[in-house]
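Pasting my_file.tsv here (TSV, C-alpha atoms):
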chain	number	residue	atom	x	y	z
I	8	MET	CA	60.77	106.32	102.74
I	9	ALA	CA	61.48	102.67	102.00
I	10	GLU	CA	64.94	101.68	100.91
I	11	LYS	CA	65.17	100.74	97.26
I	12	THR	CA	67.05	97.65	96.17
I	13	VAL	CA	70.24	98.18	94.20
I	14	ASN	CA	72.78	95.89	92.59
I	15	PRO	CA	75.09	94.83	95.46
I	16	ILE	CA	78.19	95.13	93.28
I	17	LEU	CA	77.27	98.70	92.32
I	18	LYS	CA	76.61	99.47	95.98
I	19	GLN	CA	80.07	98.21	96.93
I	20	VAL	CA	81.65	100.26	94.14
I	21	LEU	CA	79.94	103.42	95.39
I	22	GLU	CA	80.91	102.72	99.00
I	23	LEU	CA	84.52	101.63	98.46
I	24	GLY	CA	85.32	103.32	95.15
I	25	PRO	CA	86.11	106.82	96.51
I	26	THR	CA	88.74	105.48	98.90
I	27	LEU	CA	90.37	103.39	96.19
I	28	LEU	CA	90.38	106.39	93.84
I	29	PHE	CA	92.02	108.48	96.56
I	30	PHE	CA	94.73	105.84	96.85
I	31	LEU	CA	95.33	105.71	93.09
I	32	ILE	CA	95.36	109.50	92.75
I	33	TYR	CA	97.78	109.79	95.63
I	34	LEU	CA	100.16	107.28	94.04
I	35	GLN	CA	100.16	109.32	90.85
I	36	ILE	CA	100.83	112.75	92.39
I	37	LYS	CA	102.49	111.96	95.74
I	38	ASP	CA	105.88	113.37	94.68
I	39	ASN	CA	104.48	116.52	93.07
I	40	THR	CA	103.98	119.99	94.49
I	41	TYR	CA	101.14	122.21	93.29
I	42	THR	CA	100.69	125.96	93.62
I	43	LEU	CA	97.11	127.08	94.14
I	44	ALA	CA	96.28	130.74	94.81
I	45	GLY	CA	99.92	131.40	95.58
I	46	THR	CA	100.23	128.58	98.12
I	47	GLU	CA	102.18	125.37	97.59
I	48	TYR	CA	100.44	122.09	98.39
I	49	THR	CA	101.83	118.57	98.49
I	50	GLY	CA	100.40	115.79	96.35
I	51	PHE	CA	98.80	114.29	99.45
I	52	ILE	CA	96.81	117.43	100.20
I	53	VAL	CA	95.72	117.81	96.57
I	54	ALA	CA	94.61	114.16	96.55
I	55	THR	CA	92.62	114.89	99.71
I	56	LEU	CA	90.91	117.87	98.05
I	57	ILE	CA	89.98	115.69	95.06
I	58	PHE	CA	88.75	112.91	97.33
I	59	VAL	CA	86.11	115.04	99.06
I	60	PRO	CA	83.92	115.79	96.00
I	61	ILE	CA	84.38	112.23	94.73
I	62	LEU	CA	83.01	110.94	98.04
I	63	LEU	CA	80.08	113.38	97.95
I	64	VAL	CA	79.17	112.41	94.39
I	65	ALA	CA	79.31	108.69	95.25
I	66	MET	CA	77.12	109.23	98.32
I	67	GLY	CA	74.69	111.29	96.27
I	68	ILE	CA	74.37	108.53	93.68
I	69	LEU	CA	73.97	105.94	96.43
I	70	TRP	CA	71.20	107.98	98.03
I	71	MET	CA	69.40	108.44	94.69
I	72	LEU	CA	69.54	104.69	94.08
I	73	THR	CA	68.61	103.51	97.59
I	74	ARG	CA	66.91	106.57	99.13
I	75	THR	CA	68.84	105.90	102.32
I	76	LEU	CA	72.24	106.47	103.91
I	77	SER	CA	73.42	104.90	107.14
I	78	ARG	CA	74.28	107.09	110.11
I	79	MET	CA	77.83	105.77	109.93
I	80	GLN	CA	78.13	106.82	106.28
I	81	ILE	CA	76.82	110.30	107.04
I	82	PHE	CA	79.12	110.74	110.02
I	83	THR	CA	82.17	109.48	108.12
I	84	ALA	CA	81.40	111.82	105.21
I	85	PHE	CA	81.09	114.76	107.60
I	86	MET	CA	84.45	113.94	109.17
I	87	VAL	CA	86.11	113.62	105.75
I	88	ILE	CA	84.74	117.00	104.66
I	89	PHE	CA	85.59	118.71	107.94
I	90	PHE	CA	89.13	117.40	108.29
I	91	GLY	CA	89.75	117.63	104.56
I	92	GLY	CA	88.84	121.29	104.84
I	93	LEU	CA	91.15	121.79	107.80
I	94	THR	CA	93.94	120.03	105.91
I	95	ALA	CA	93.60	122.43	102.99
I	96	TRP	CA	93.01	125.56	105.10
I	97	PHE	CA	96.07	125.05	107.28
I	98	ASN	CA	98.03	123.28	104.53
I	99	ASP	CA	98.79	120.53	107.03
I	100	GLU	CA	98.25	116.86	106.19
I	101	ARG	CA	98.16	115.89	109.85
I	102	PHE	CA	94.51	116.92	110.14
I	103	PHE	CA	93.38	114.37	107.56
I	104	LYS	CA	95.53	111.65	109.11
I	105	MET	CA	94.16	112.19	112.61
I	106	LYS	CA	90.61	112.06	111.21
I	107	THR	CA	90.82	108.26	111.19
I	108	SER	CA	91.76	108.16	114.88
I	109	ILE	CA	88.87	110.45	115.77
I	110	VAL	CA	86.33	108.43	113.76
I	111	TYR	CA	87.40	105.13	115.32
I	112	GLY	CA	87.64	106.75	118.75
I	113	PHE	CA	84.17	108.24	118.39
I	114	PHE	CA	82.68	104.87	117.48
I	115	ALA	CA	84.40	103.28	120.48
I	116	LEU	CA	83.09	106.06	122.75
I	117	ILE	CA	79.50	105.79	121.55
I	118	LEU	CA	79.49	102.00	121.92
I	119	GLY	CA	81.10	102.36	125.35
I	120	ILE	CA	78.43	104.81	126.50
I	121	GLY	CA	75.78	102.36	125.38
I	122	LEU	CA	77.44	99.55	127.31
I	123	LEU	CA	77.53	101.68	130.47
I	124	ARG	CA	73.80	102.19	130.02
I	125	GLY	CA	73.32	98.46	129.60
I	126	LYS	CA	72.47	98.81	125.91
I	127	SER	CA	73.98	97.61	122.65
I	128	TYR	CA	73.90	100.32	120.00
I	129	LEU	CA	75.23	97.75	117.55
I	130	GLN	CA	72.01	95.82	117.98
I	131	TRP	CA	70.10	98.98	117.06
I	132	ILE	CA	72.15	99.28	113.85
I	133	MET	CA	72.59	95.63	112.87
I	134	GLY	CA	69.81	93.79	114.69
I	135	GLU	CA	67.61	93.48	111.63
I	136	PHE	CA	70.37	91.74	109.68
I	137	LEU	CA	71.89	89.70	112.52
I	138	PRO	CA	69.28	88.25	114.92
I	139	MET	CA	71.07	87.51	118.18
I	140	LYS	CA	70.26	87.13	121.88
I	141	PRO	CA	70.79	90.22	124.08
I	142	GLU	CA	73.76	88.72	125.91
I	143	GLY	CA	75.41	88.02	122.56
I	144	TRP	CA	74.93	91.62	121.48
I	145	MET	CA	76.54	92.90	124.69
I	146	ILE	CA	79.60	90.67	124.20
I	147	PHE	CA	79.82	91.59	120.52
I	148	THR	CA	79.49	95.32	121.26
I	149	LYS	CA	82.16	95.23	123.96
I	150	ARG	CA	84.63	93.53	121.63
I	151	VAL	CA	83.87	95.86	118.72
I	152	ALA	CA	84.30	98.91	120.96
I	153	LEU	CA	87.72	97.63	122.05
I	154	MET	CA	88.62	96.95	118.41
I	155	PHE	CA	87.72	100.49	117.38
I	156	LEU	CA	89.81	101.81	120.26
I	157	ALA	CA	92.76	99.64	119.21
I	158	LEU	CA	92.48	100.90	115.61
I	159	ALA	CA	92.40	104.50	116.82
I	160	VAL	CA	95.56	103.98	118.86
I	161	ALA	CA	97.23	102.11	115.98
I	162	ASN	CA	96.42	104.94	113.58
I	163	GLU	CA	97.90	107.52	115.93
I	164	ILE	CA	101.12	105.54	116.26
I	165	ILE	CA	101.39	104.89	112.52
I	166	TRP	CA	100.80	108.40	111.19
I	167	ARG	CA	103.10	109.93	113.80
I	168	THR	CA	105.97	107.50	113.22
I	169	GLN	CA	105.70	106.21	109.65
I	170	SER	CA	105.78	107.71	106.15
I	171	THR	CA	102.71	109.20	104.51
I	172	GLU	CA	102.81	106.54	101.78
I	173	LEU	CA	102.72	103.71	104.32
I	174	TRP	CA	99.86	105.41	106.18
I	175	VAL	CA	97.83	105.76	102.96
I	176	LYS	CA	98.31	102.07	102.16
I	177	LEU	CA	97.32	100.97	105.65
I	178	GLU	CA	94.36	103.36	105.73
I	179	THR	CA	93.10	102.13	102.37
I	180	PHE	CA	93.62	98.39	102.75
I	181	ALA	CA	94.90	97.20	106.13
I	182	PHE	CA	92.48	98.89	108.52
I	183	PRO	CA	89.30	97.89	106.60
I	184	ALA	CA	90.62	94.34	106.11
I	185	VAL	CA	91.48	93.95	109.80
I	186	LEU	CA	88.06	95.25	110.81
I	187	PHE	CA	86.27	92.97	108.33
I	188	VAL	CA	88.15	89.86	109.45
I	189	PHE	CA	87.59	90.78	113.10
I	190	LEU	CA	83.83	91.25	112.64
I	191	TRP	CA	83.50	88.04	110.66
I	192	GLY	CA	85.48	86.13	113.27
I	193	GLN	CA	83.32	87.48	116.07
I	194	ILE	CA	80.12	86.45	114.30
I	195	VAL	CA	81.52	82.94	113.94
I	196	MET	CA	82.59	82.86	117.61
I	197	LEU	CA	79.16	84.06	118.76
I	198	GLN	CA	77.19	81.44	116.80
I	199	ARG	CA	75.62	80.04	119.96
I	200	TYR	CA	73.90	83.38	120.56
I	201	LEU	CA	72.39	83.65	117.09
I	202	ILE	CA	68.62	83.28	116.81
I	203	GLU	CA	67.53	80.86	114.13
I	204	PRO	CA	64.67	82.13	111.96
I	205	ASP	CA	61.29	80.60	112.71
I	206	THR	CA	60.41	78.50	109.68
I	207	THR	CA	57.37	76.84	111.23
I	208	SER	CA	53.97	77.56	109.76
I	209	ASN	CA	50.84	78.31	111.77
I	210	SER	CA	48.67	76.62	109.15

Take the structure from the file and write it as structure tokens.
Amino acid sequence: MAEKTVNPILKQVLELGPTLLFFLIYLQIKDNTYTLAGTEYTGFIVATLIFVPILLVAMGILWMLTRTLSRMQIFTAFMVIFFGGLTAWFNDERFFKMKTSIVYGFFALILGIGLLRGKSYLQWIMGEFLPMKPEGWMIFTKRVALMFLALAVANEIIWRTQSTELWVKLETFAFPAVLFVFLWGQIVMLQRYLIEPDTTSNS
């Protein structure tokens, strides 16, 4: 089924909105304790439980509008649901915090496996939007894999040594910003490998 076009601003709201709402909800209830079914939960865990359905609703709307979801979106949603469930079941916020490390680590592993096979899985995902020579894709993939690995290690260090509030802020803003700047910088650095579109006419 062909992907439908959707307002890019609305698309960004649906993709980024759930995470921002999680952040805002957490700020409002972080110091509270809630009793549900006889068990006490911190504000962080309650915010996590609220975040899961918000994410699912946003993804459902996005799918209805575009008739498509990326593999990365589906995998990330699965990890959020799975580790959000573990967080609530065991009443332990560490599960949700380590989710970020596992997601980044998984991406690094998959890209690394592709590199060992002499393939760029990033090209498979992004090739249509970023025409580039094969050698450029291999360099780009290697650097992105290392970046994901670095983010996974950074997340592990941060959530194990810093406060929950600092982790939430970094998870919401710092990690995505660092990844965005890194990817943009790499595209600029790899300009010589980009393939210019053929604008010549056969007529």

Atom CA of I:Ala115 and atom CA of I:Asp99 are how many Å apart?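 Atom CA of I:Asp99 lies 26.2 Å from atom CA of I:Ala115.
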
Between I:Tyr41, I:Leu63, I:Gly143, I:Thr12, which one has atoms that come closest to I:Ile81, using only C-alpha atoms?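 Distance minimum relative to I:Ile81 lands on I:Leu63.
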
Skipping near chain neighbours, those fewer than 3 positions away, what residues fall within 12 Å of I:Ala161 using only C-alpha atoms, listed as JSON, numbers by chain? {"I": [104, 105, 107, 108, 109, 111, 112, 154, 155, 156, 157, 158, 164, 165, 166, 167, 168, 169, 174, 177, 178, 181, 182, 185]}

Can you sort out the box for stretch 75-81 of chain I, edges along x, y and z, all listed atoms in, 4 Å on every side, with centre and edge lengths in Å to one decimal, as lines of an AutoDock Vina configuration file?
center_x = 73.5
center_y = 107.6
center_z = 106.2
size_x = 17.3
size_y = 13.4
size_z = 15.8

Atom CA of I:Leu186 and atom CA of I:Val160, how far apart in Å?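 Interatomic distance, atom CA of I:Val160 to atom CA of I:Leu186: 14.0 Å.
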
Between I:Ile132, I:Leu93, I:Leu197, I:Leu173, smallest distance to I:Tyr33 by all atoms listed in the file belongs to I:Leu173

For I:Phe189, please output as a ChimeraX atom specification all residues within 10 Å (counting all atoms listed in the file; exclusion window: fewer than 5 positions along the same chain). /I:150-151,154,183-184,194-195

Save out the residues we just selected, C-alpha atoms, as an mmCIF file, in the frame of the given file.
data_model
loop_
_atom_site.group_PDB
_atom_site.id
_atom_site.type_symbol
_atom_site.label_atom_id
_atom_site.label_comp_id
_atom_site.auth_asym_id
_atom_site.auth_seq_id
_atom_site.Cartn_x
_atom_site.Cartn_y
_atom_site.Cartn_z
ATOM 1 C CA ARG I 150 84.630 93.530 121.630
ATOM 2 C CA VAL I 151 83.870 95.860 118.720
ATOM 3 C CA MET I 154 88.620 96.950 118.410
ATOM 4 C CA PRO I 183 89.300 97.890 106.600
ATOM 5 C CA ALA I 184 90.620 94.340 106.110
ATOM 6 C CA ILE I 194 80.120 86.450 114.300
ATOM 7 C CA VAL I 195 81.520 82.940 113.940
#

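Considering the residues I:Leu21, I:Gly92, I:Phe147, I:Ile202 and counting only C-alpha atoms, I:Leu76 has its shortest atom-to-atom contact with I:Leu21.
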
Shell of 10 Å around I:Gln130, all atoms listed in the file, local chain residues under 3 positions omitted, as a PyMOL selection string: chain I and resi 126-127+133-141+143-145+147-148

For a test of reading the model, state the distance in Å between atom CA of I:Ser170 and atom CA of I:Pro25, rounded to one decimal.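 We find that atom CA of I:Ser170 and atom CA of I:Pro25 lie 21.9 Å from each other.
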
Shortest contact to I:Thr75, candidates I:Val59, I:Val13, I:Leu122, I:Ile36, atoms counted only C-alpha atoms, goes to I:Val13

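Using all atoms listed in the file, the shortest contact distance between I:Val110 and any of I:Ala159, I:Leu72, I:Val64, I:Leu31 is found at I:Ala159.
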
Point (90.9, 111.2, 98.6) neighbourhood (10 Å, all atoms listed in the file) written as a list in words: Pro25, Thr26, Leu27, Leu28, Phe29, Phe30, Leu31, Ile32, Tyr33, Phe51, Ile52, Val53, Ala54, Thr55, Leu56, Ile57, Phe58, Val59, Pro60, Ile61, Leu62, Val87, Gly91, Phe103 and Val175 of chain I

Could you add N, CA and C atoms to stretch 128-144 of chain I and give me the result as a PDB file, keeping the file's coordinate frame?
ATOM      1  N   TYR I 128      74.265  99.496 121.144  1.00  0.00           N
ATOM      2  CA  TYR I 128      73.900 100.320 120.000  1.00  0.00           C
ATOM      3  C   TYR I 128      74.168  99.582 118.685  1.00  0.00           C
ATOM      4  N   LEU I 129      75.029  98.577 118.739  1.00  0.00           N
ATOM      5  CA  LEU I 129      75.230  97.750 117.550  1.00  0.00           C
ATOM      6  C   LEU I 129      73.962  96.979 117.196  1.00  0.00           C
ATOM      7  N   GLN I 130      73.260  96.533 118.221  1.00  0.00           N
ATOM      8  CA  GLN I 130      72.010  95.820 117.980  1.00  0.00           C
ATOM      9  C   GLN I 130      71.013  96.735 117.287  1.00  0.00           C
ATOM     10  N   TRP I 131      70.999  98.011 117.671  1.00  0.00           N
ATOM     11  CA  TRP I 131      70.100  98.980 117.060  1.00  0.00           C
ATOM     12  C   TRP I 131      70.426  99.152 115.577  1.00  0.00           C
ATOM     13  N   ILE I 132      71.726  99.078 115.233  1.00  0.00           N
ATOM     14  CA  ILE I 132      72.150  99.280 113.850  1.00  0.00           C
ATOM     15  C   ILE I 132      72.037  98.000 113.028  1.00  0.00           C
ATOM     16  N   MET I 133      72.440  96.872 113.634  1.00  0.00           N
ATOM     17  CA  MET I 133      72.590  95.630 112.870  1.00  0.00           C
ATOM     18  C   MET I 133      71.570  94.557 113.222  1.00  0.00           C
ATOM     19  N   GLY I 134      70.710  94.827 114.191  1.00  0.00           N
ATOM     20  CA  GLY I 134      69.810  93.790 114.690  1.00  0.00           C
ATOM     21  C   GLY I 134      68.922  93.176 113.639  1.00  0.00           C
ATOM     22  N   GLU I 135      68.500  93.986 112.665  1.00  0.00           N
ATOM     23  CA  GLU I 135      67.610  93.480 111.630  1.00  0.00           C
ATOM     24  C   GLU I 135      68.303  92.460 110.729  1.00  0.00           C
ATOM     25  N   PHE I 136      69.622  92.622 110.579  1.00  0.00           N
ATOM     26  CA  PHE I 136      70.370  91.740 109.680  1.00  0.00           C
ATOM     27  C   PHE I 136      71.052  90.590 110.417  1.00  0.00           C
ATOM     28  N   LEU I 137      71.186  90.715 111.745  1.00  0.00           N
ATOM     29  CA  LEU I 137      71.890  89.700 112.520  1.00  0.00           C
ATOM     30  C   LEU I 137      71.106  89.405 113.800  1.00  0.00           C
ATOM     31  N   PRO I 138      70.063  88.583 113.725  1.00  0.00           N
ATOM     32  CA  PRO I 138      69.280  88.250 114.920  1.00  0.00           C
ATOM     33  C   PRO I 138      70.147  87.531 115.952  1.00  0.00           C
ATOM     34  N   MET I 139      70.205  88.094 117.162  1.00  0.00           N
ATOM     35  CA  MET I 139      71.070  87.510 118.180  1.00  0.00           C
ATOM     36  C   MET I 139      70.483  87.824 119.558  1.00  0.00           C
ATOM     37  N   LYS I 140      70.740  86.939 120.515  1.00  0.00           N
ATOM     38  CA  LYS I 140      70.260  87.130 121.880  1.00  0.00           C
ATOM     39  C   LYS I 140      70.924  88.352 122.509  1.00  0.00           C
ATOM     40  N   PRO I 141      70.247  89.013 123.459  1.00  0.00           N
ATOM     41  CA  PRO I 141      70.790  90.220 124.080  1.00  0.00           C
ATOM     42  C   PRO I 141      72.180  90.047 124.665  1.00  0.00           C
ATOM     43  N   GLU I 142      72.431  88.920 125.324  1.00  0.00           N
ATOM     44  CA  GLU I 142      73.760  88.720 125.910  1.00  0.00           C
ATOM     45  C   GLU I 142      74.834  88.625 124.832  1.00  0.00           C
ATOM     46  N   GLY I 143      74.470  88.068 123.676  1.00  0.00           N
ATOM     47  CA  GLY I 143      75.410  88.020 122.560  1.00  0.00           C
ATOM     48  C   GLY I 143      75.731  89.405 122.041  1.00  0.00           C
ATOM     49  N   TRP I 144      74.714  90.259 121.952  1.00  0.00           N
ATOM     50  CA  TRP I 144      74.930  91.620 121.480  1.00  0.00           C
ATOM     51  C   TRP I 144      75.838  92.397 122.432  1.00  0.00           C
TER      52      TRP I 144
END
